[in-house]
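See below for query.cif, which holds mmCIF, C-alpha atoms.
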data_my_file
loop_
_atom_site.label_atom_id
_atom_site.label_comp_id
_atom_site.auth_asym_id
_atom_site.auth_seq_id
_atom_site.Cartn_x
_atom_site.Cartn_y
_atom_site.Cartn_z
CA MET A 1 -17.67 8.95 -9.52
CA SER A 2 -15.90 7.10 -6.72
CA ALA A 3 -12.15 6.64 -6.55
CA PRO A 4 -10.83 3.48 -8.22
CA ARG A 5 -9.70 0.58 -6.06
CA VAL A 6 -6.06 -0.27 -6.49
CA VAL A 7 -3.67 -3.00 -5.35
CA TYR A 8 0.06 -2.27 -5.24
CA ASP A 9 2.73 -4.89 -5.84
CA THR A 10 5.22 -5.44 -2.98
CA MET A 11 7.98 -3.82 -5.05
CA VAL A 12 5.93 -0.61 -5.34
CA PHE A 13 5.93 -0.29 -1.54
CA LEU A 14 9.62 -1.17 -1.31
CA GLN A 15 10.51 1.47 -3.88
CA ALA A 16 8.28 4.06 -2.23
CA ALA A 17 10.14 3.46 1.02
CA VAL A 18 13.62 4.00 -0.36
CA ARG A 19 13.45 6.30 -3.37
CA PRO A 20 10.77 8.96 -3.90
CA ASN A 21 11.17 9.34 -7.67
CA ARG A 22 9.99 5.74 -8.24
CA ARG A 23 6.68 6.39 -6.46
CA TYR A 24 4.97 8.42 -9.19
CA ALA A 25 1.36 8.82 -8.09
CA THR A 26 1.06 5.65 -6.06
CA ILE A 27 1.45 6.86 -2.49
CA ASP A 28 0.31 10.44 -3.08
CA ALA A 29 -2.90 9.23 -4.74
CA ALA A 30 -3.67 6.99 -1.79
CA GLU A 31 -2.85 9.78 0.66
CA ASP A 32 -5.22 12.26 -0.95
CA GLY A 33 -8.03 9.81 -1.71
CA ARG A 34 -7.75 9.70 -5.51
CA VAL A 35 -7.52 5.92 -5.19
CA ILE A 36 -8.75 3.44 -2.61
CA LEU A 37 -5.64 1.46 -1.72
CA CYS A 38 -6.47 -2.14 -0.85
CA THR A 39 -3.96 -4.08 1.23
CA SER A 40 -3.82 -7.33 3.15
CA PRO A 41 -2.01 -8.10 6.41
CA ASP A 42 0.09 -10.71 4.57
CA GLY A 43 1.14 -8.23 1.92
CA ILE A 44 2.08 -5.57 4.46
CA ALA A 45 3.96 -8.17 6.52
CA GLU A 46 6.00 -9.05 3.44
CA VAL A 47 6.93 -5.39 2.92
CA ARG A 48 7.95 -5.10 6.58
CA ASP A 49 9.96 -8.34 6.48
CA VAL A 50 11.94 -7.23 3.43
CA LEU A 51 12.55 -3.65 4.62
CA THR A 52 13.87 -4.93 7.95
CA ARG A 53 16.28 -7.50 6.48
CA PRO A 54 19.81 -7.10 7.87
CA SER A 55 21.23 -6.65 4.36
CA LEU A 56 19.08 -3.54 3.84
CA ALA A 57 19.99 -2.13 7.24
CA ALA A 58 23.67 -2.77 6.47
CA LYS A 59 23.40 -0.70 3.31
CA PHE A 60 21.08 2.01 4.65
CA SER A 61 21.43 2.49 8.40
CA ALA A 62 18.55 5.00 8.47
CA LEU A 63 16.18 2.19 7.53
CA THR A 64 15.56 1.21 11.14
CA PRO A 65 12.75 -1.10 12.27
CA GLU A 66 11.12 1.90 14.01
CA ARG A 67 11.16 3.96 10.81
CA VAL A 68 9.81 1.04 8.79
CA ALA A 69 7.01 0.64 11.37
CA GLN A 70 6.16 4.35 11.06
CA PHE A 71 6.14 4.08 7.28
CA LEU A 72 3.78 1.09 7.39
CA ASP A 73 1.57 2.78 9.99
CA SER A 74 1.15 5.66 7.55
CA VAL A 75 0.35 3.24 4.74
CA GLY A 76 -2.16 1.54 7.05
CA VAL A 77 -3.94 4.82 7.73
CA MET A 78 -4.41 5.53 4.03
CA ALA A 79 -5.34 1.96 3.04
CA THR A 80 -8.27 -0.36 3.49
CA SER A 81 -7.04 -3.71 4.76
CA PHE A 82 -8.72 -6.98 3.79
CA SER A 83 -7.81 -9.87 6.03
CA ALA A 84 -9.93 -12.72 4.69
CA VAL A 85 -8.93 -12.98 1.04
CA PRO A 86 -10.04 -16.23 -0.61
CA ALA A 87 -7.42 -18.01 -2.71
CA VAL A 88 -9.42 -18.38 -5.92
CA PHE A 89 -6.55 -17.79 -8.35
CA THR A 90 -3.12 -19.30 -8.76
CA TRP A 91 -0.39 -18.66 -11.28
CA PRO A 92 1.52 -21.94 -11.41
CA GLN A 93 4.68 -20.33 -12.83
CA HIS A 94 4.78 -17.57 -10.18
CA PRO A 95 2.77 -18.64 -7.12
CA ASN A 96 4.49 -15.98 -4.99
CA ASP A 97 2.37 -13.38 -6.78
CA ASP A 98 -0.94 -15.15 -6.09
CA HIS A 99 -1.72 -13.01 -3.02
CA LEU A 100 -1.72 -9.87 -5.18
CA PHE A 101 -4.10 -11.27 -7.74
CA ASN A 102 -6.40 -12.74 -5.12
CA LEU A 103 -6.53 -9.39 -3.33
CA ALA A 104 -7.33 -7.63 -6.61
CA ILE A 105 -10.07 -10.16 -7.40
CA HIS A 106 -11.56 -10.04 -3.90
CA THR A 107 -11.62 -6.25 -3.72
CA LYS A 108 -12.80 -5.85 -7.33
CA ALA A 109 -9.84 -3.56 -7.92
CA GLU A 110 -9.67 -1.60 -11.15
CA TYR A 111 -5.87 -1.41 -11.15
CA LEU A 112 -3.07 -3.72 -10.12
CA VAL A 113 0.05 -1.55 -10.06
CA THR A 114 3.46 -3.07 -10.66
CA TRP A 115 6.79 -2.58 -12.40
CA GLU A 116 7.18 -6.33 -12.94
CA GLU A 117 7.23 -7.27 -16.62
CA ARG A 118 5.95 -10.78 -15.98
CA ILE A 119 2.87 -9.41 -14.18
CA LEU A 120 2.28 -6.66 -16.76
CA LYS A 121 2.44 -9.24 -19.55
CA LEU A 122 -0.18 -11.44 -17.89
CA ALA A 123 -2.87 -8.93 -18.86
CA THR A 124 -2.42 -9.80 -22.53
CA ASP A 125 -1.03 -13.34 -22.33
CA ALA A 126 -2.91 -16.21 -23.93
CA THR A 127 -2.25 -18.69 -21.15
CA PRO A 128 -4.74 -20.57 -18.95
CA ALA A 129 -3.70 -18.43 -15.95
CA ALA A 130 -4.23 -15.21 -17.90
CA ASP A 131 -7.62 -16.43 -19.15
CA LEU A 132 -8.67 -17.35 -15.60
CA LEU A 133 -7.59 -13.94 -14.31
CA ARG A 134 -9.61 -12.16 -17.01
CA ARG A 135 -12.67 -14.24 -16.09
CA LEU A 136 -12.30 -13.61 -12.36
CA ALA A 137 -11.40 -9.93 -12.66
CA PRO A 138 -12.86 -8.63 -15.92
CA ASN A 139 -12.45 -4.98 -14.92
CA LEU A 140 -8.86 -5.26 -13.73
CA SER A 141 -6.10 -3.43 -15.59
CA ILE A 142 -2.46 -4.12 -14.82
CA VAL A 143 -0.44 -0.93 -15.06
CA THR A 144 2.88 0.58 -14.02
CA PRO A 145 3.04 3.37 -11.40
CA LYS A 146 3.82 5.78 -14.25
CA GLN A 147 0.73 4.65 -16.18
CA LEU A 148 -1.42 5.00 -13.05
CA ALA A 149 -0.20 8.59 -12.71
CA GLU A 150 -1.26 9.31 -16.30
CA LEU A 151 -4.65 7.63 -15.81
CA LEU A 152 -5.34 9.63 -12.65
CA LYS A 153 -4.49 12.87 -14.43
CA SER A 154 -7.21 12.17 -16.98
CA GLN A 155 -9.87 11.22 -14.43
CA PRO A 156 -12.20 13.67 -12.70
CA PRO A 157 -11.66 14.04 -8.94
CA PRO A 158 -13.54 11.40 -6.93
CA THR A 159 -16.67 12.27 -5.01
CA SER A 160 -17.17 11.03 -1.49
CA GLY A 161 -19.49 8.16 -0.69
CA MET B 1 -6.38 7.56 21.45
CA ALA B 2 -5.38 11.19 21.91
CA THR B 3 -3.96 11.53 25.37
CA SER B 4 -2.29 14.91 25.31
CA ALA B 5 -2.47 16.65 28.67
CA GLN B 6 -4.13 19.76 27.31
CA THR B 7 -6.98 19.77 24.85
CA THR B 8 -9.29 22.55 23.78
CA GLU B 9 -12.95 22.07 22.90
CA THR B 10 -13.32 22.98 19.22
CA PRO B 11 -16.88 22.78 17.87
CA VAL B 12 -16.99 21.70 14.21
CA THR B 13 -19.62 20.29 11.86
CA LEU B 14 -18.52 17.13 10.06
CA ARG B 15 -19.95 16.38 6.62
CA LEU B 16 -19.39 12.67 6.09
CA SER B 17 -20.37 10.10 3.50
CA GLU B 18 -22.56 7.25 4.71
CA ARG B 19 -19.53 4.96 4.41
CA ALA B 20 -17.36 7.18 6.56
CA ARG B 21 -20.10 7.69 9.12
CA ALA B 22 -20.71 3.96 9.36
CA LYS B 23 -16.99 3.30 9.85
CA LEU B 24 -16.82 5.99 12.52
CA ALA B 25 -19.82 4.49 14.31
CA GLU B 26 -18.24 1.05 14.07
CA GLN B 27 -15.00 2.32 15.65
CA ALA B 28 -16.98 4.08 18.37
CA ALA B 29 -18.87 0.89 19.17
CA THR B 30 -15.68 -1.17 19.16
CA THR B 31 -13.79 1.17 21.47
CA GLY B 32 -16.73 2.15 23.66
CA GLN B 33 -16.27 5.86 22.89
CA ASP B 34 -18.75 8.38 21.52
CA LEU B 35 -18.47 9.65 17.95
CA SER B 36 -16.92 12.95 19.03
CA ALA B 37 -14.11 11.20 20.87
CA VAL B 38 -13.34 8.93 17.94
CA ALA B 39 -13.46 11.83 15.44
CA SER B 40 -11.24 13.95 17.70
CA ASP B 41 -8.74 11.14 17.97
CA LEU B 42 -8.63 10.66 14.20
CA ILE B 43 -8.22 14.38 13.52
CA GLU B 44 -5.51 14.63 16.16
CA GLN B 45 -3.62 11.75 14.55
CA ALA B 46 -4.11 13.05 11.01
CA VAL B 47 -2.80 16.55 11.64
CA THR B 48 0.05 15.64 13.96
CA ARG B 49 1.26 12.49 12.22
CA PRO B 50 4.41 13.04 10.15
CA SER B 51 4.05 12.55 6.41
CA ILE B 52 5.75 9.64 4.65
CA ALA B 53 8.20 12.15 3.16
CA GLU B 54 9.10 13.37 6.65
CA ILE B 55 9.44 9.83 8.02
CA MET B 56 11.56 8.52 5.17
CA ALA B 57 13.65 11.62 4.41
CA PRO B 58 16.80 10.26 6.14
CA VAL B 59 16.53 7.01 4.17
CA TRP B 60 15.97 8.82 0.87
CA LYS B 61 19.05 10.97 1.60
CA GLN B 62 21.21 7.91 2.29
CA VAL B 63 19.96 6.14 -0.83
CA ALA B 64 20.65 9.24 -2.95
CA GLU B 65 24.15 9.54 -1.48
CA SER B 66 24.84 5.85 -2.17
CA GLY B 67 25.03 6.62 -5.88
CA MET B 68 22.92 3.58 -6.76
CA SER B 69 20.97 3.95 -10.01
CA ASP B 70 17.25 3.19 -10.16
CA GLU B 71 18.06 -0.10 -11.89
CA GLU B 72 20.66 -1.10 -9.30
CA LEU B 73 18.29 -0.26 -6.48
CA ASP B 74 15.43 -2.18 -8.10
CA ASP B 75 17.69 -5.19 -8.63
CA PHE B 76 18.81 -5.03 -5.00
CA LEU B 77 15.25 -4.78 -3.66
CA ARG B 78 14.05 -7.53 -5.97
CA SER B 79 16.84 -9.88 -4.89
CA GLU B 80 16.03 -9.18 -1.23
CA LEU B 81 12.33 -9.86 -1.86
CA GLU B 82 13.17 -13.12 -3.63
CA ALA B 83 15.56 -14.13 -0.85
CA HIS B 84 12.87 -13.43 1.74
CA ARG B 85 10.36 -15.56 -0.16
CA ARG B 86 12.84 -18.42 -0.52
CA GLU B 87 13.63 -18.34 3.18
CA LYS B 88 9.94 -18.22 4.10
CA LYS B 89 9.20 -21.16 1.82
CA ALA B 90 12.10 -23.17 3.28
CA LYS B 91 10.89 -22.48 6.81
CA SER B 92 7.35 -23.62 6.04
CA ALA B 93 8.51 -26.75 4.19
#
Write the structure described by the file as structure tokens, please.
Amino acid sequence: MSAPRVVYDTMVFLQAAVRPNRRYATIDAAEDGRVILCTSPDGIAEVRDVLTRPSLAAKFSALTPERVAQFLDSVGVMATSFSAVPAVFTWPQHPNDDHLFNLAIHTKAEYLVTWEERILKLATDATPAADLLRRLAPNLSIVTPKQLAELLKSQPPPTSG
Amino acid sequence: MATSAQTTETPVTLRLSERARAKLAEQAATTGQDLSAVASDLIEQAVTRPSIAEIMAPVWKQVAESGMSDEELDDFLRSELEAHRREKKAKSA
């Protein structure tokens, strides 16, 4: 059994950068190969842009651009980056999240991991956007980092290949 | 690429999946190196690179000392993310 493909919401990366107890299995699972973390250059750029905002540096002086770059380099090593992601899905109410869904669709991810209620709810919504997402990504589950940790506990270790 | 002044030849046998081998060969072709050089470089980076916990430890300490709750921190990060997206949208408009 191969490791499941996962896409992490921007907030998951932001939380992983600033507070370890909010990571649950997300980063560790990518580090040790229990999941295949799929990223895109645009998504990683967004994480970098937010972590290097002056307001964050003003609050946490240790969050330097160099440290953020090192953090993202480490994420880059553990992830598979997809640069040409077709825009096949849009969520009219929240178009800022489209890049996540399109990455999940393109990579055939099994899990989209997020803390955002609006994204979690989309999995069970009866809206045209939710219907379209289910058609385009029938095997995608939207889960929290905590739920991903539980799911990984119950799965056998991945085999290589 | 590993450029440390002193290296020691260390014979090893790699057992790789087809996917990993293909990616290694692709990197070798791209960089004009042989497989051994690319594998050595990757191993060097993997074992000497600091972990995320090591990199971010000073930040985690500051955040812990700030006394912010998980909810306060999430709200702060979310507002910064939203501000970034608004600014980006305004710039591209």
**Prompt:** Residues of chain B within 12 Å of chain A, using only C-alpha atoms, as a ChimeraX atom specification?
**Reply:** /B:15-23,42-43,45-46,48-89
**Request:** Have a look at atom CA of B:Ala29 and atom CA of B:Glu44 and let me know their distance in Å, one decimal.
**Result:**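 Atom CA of B:Glu44 lies 19.4 Å from atom CA of B:Ala29.
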**Request:** I would like the residues chosen by the PyMOL selection byres ((chain A and resi 41) around 8) on the shown file; could you give them as a list in words?
**Result:** Thr39, Ser40, Asp42, Gly43, Ile44, Ala45, Ser81, Phe82 and Ser83 of chain A
Write to file, as a PDB file, in the coordinates of the input, the residues of the selection just made, with C-alpha atoms.
ATOM      1  CA  THR A  39      -3.960  -4.080   1.230  1.00  0.00           C
ATOM      2  CA  SER A  40      -3.820  -7.330   3.150  1.00  0.00           C
ATOM      3  CA  ASP A  42       0.090 -10.710   4.570  1.00  0.00           C
ATOM      4  CA  GLY A  43       1.140  -8.230   1.920  1.00  0.00           C
ATOM      5  CA  ILE A  44       2.080  -5.570   4.460  1.00  0.00           C
ATOM      6  CA  ALA A  45       3.960  -8.170   6.520  1.00  0.00           C
ATOM      7  CA  SER A  81      -7.040  -3.710   4.760  1.00  0.00           C
ATOM      8  CA  PHE A  82      -8.720  -6.980   3.790  1.00  0.00           C
ATOM      9  CA  SER A  83      -7.810  -9.870   6.030  1.00  0.00           C
TER      10      SER A  83
END
**Request:** Could you give me, as an MDAnalysis selection string, the residues that sit within 10 Å of (-6.6, 4.5, -12.7) in the file's coordinates, counting only C-alpha atoms?
**Result:** chainID A and resid 3:6 29 34:35 109:113 141:143 145 147:155
**Prompt:** So, counting all atoms listed in the file, which residue among A:Ala130, A:Leu136, A:Ala123, A:Ile36 is closest to A:Pro92?
**Reply:**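 The answer is A:Ala130, which sits nearest to A:Pro92.
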**Item:** Computed interatomic separation between atom CA of A:Asp9 and atom CA of A:Asp32 (Å)
**Value:** 19.5 Å
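Reported to one decimal place, the separation of atom CA of B:Asp41 from atom CA of A:Arg48 is 25.9 Å.
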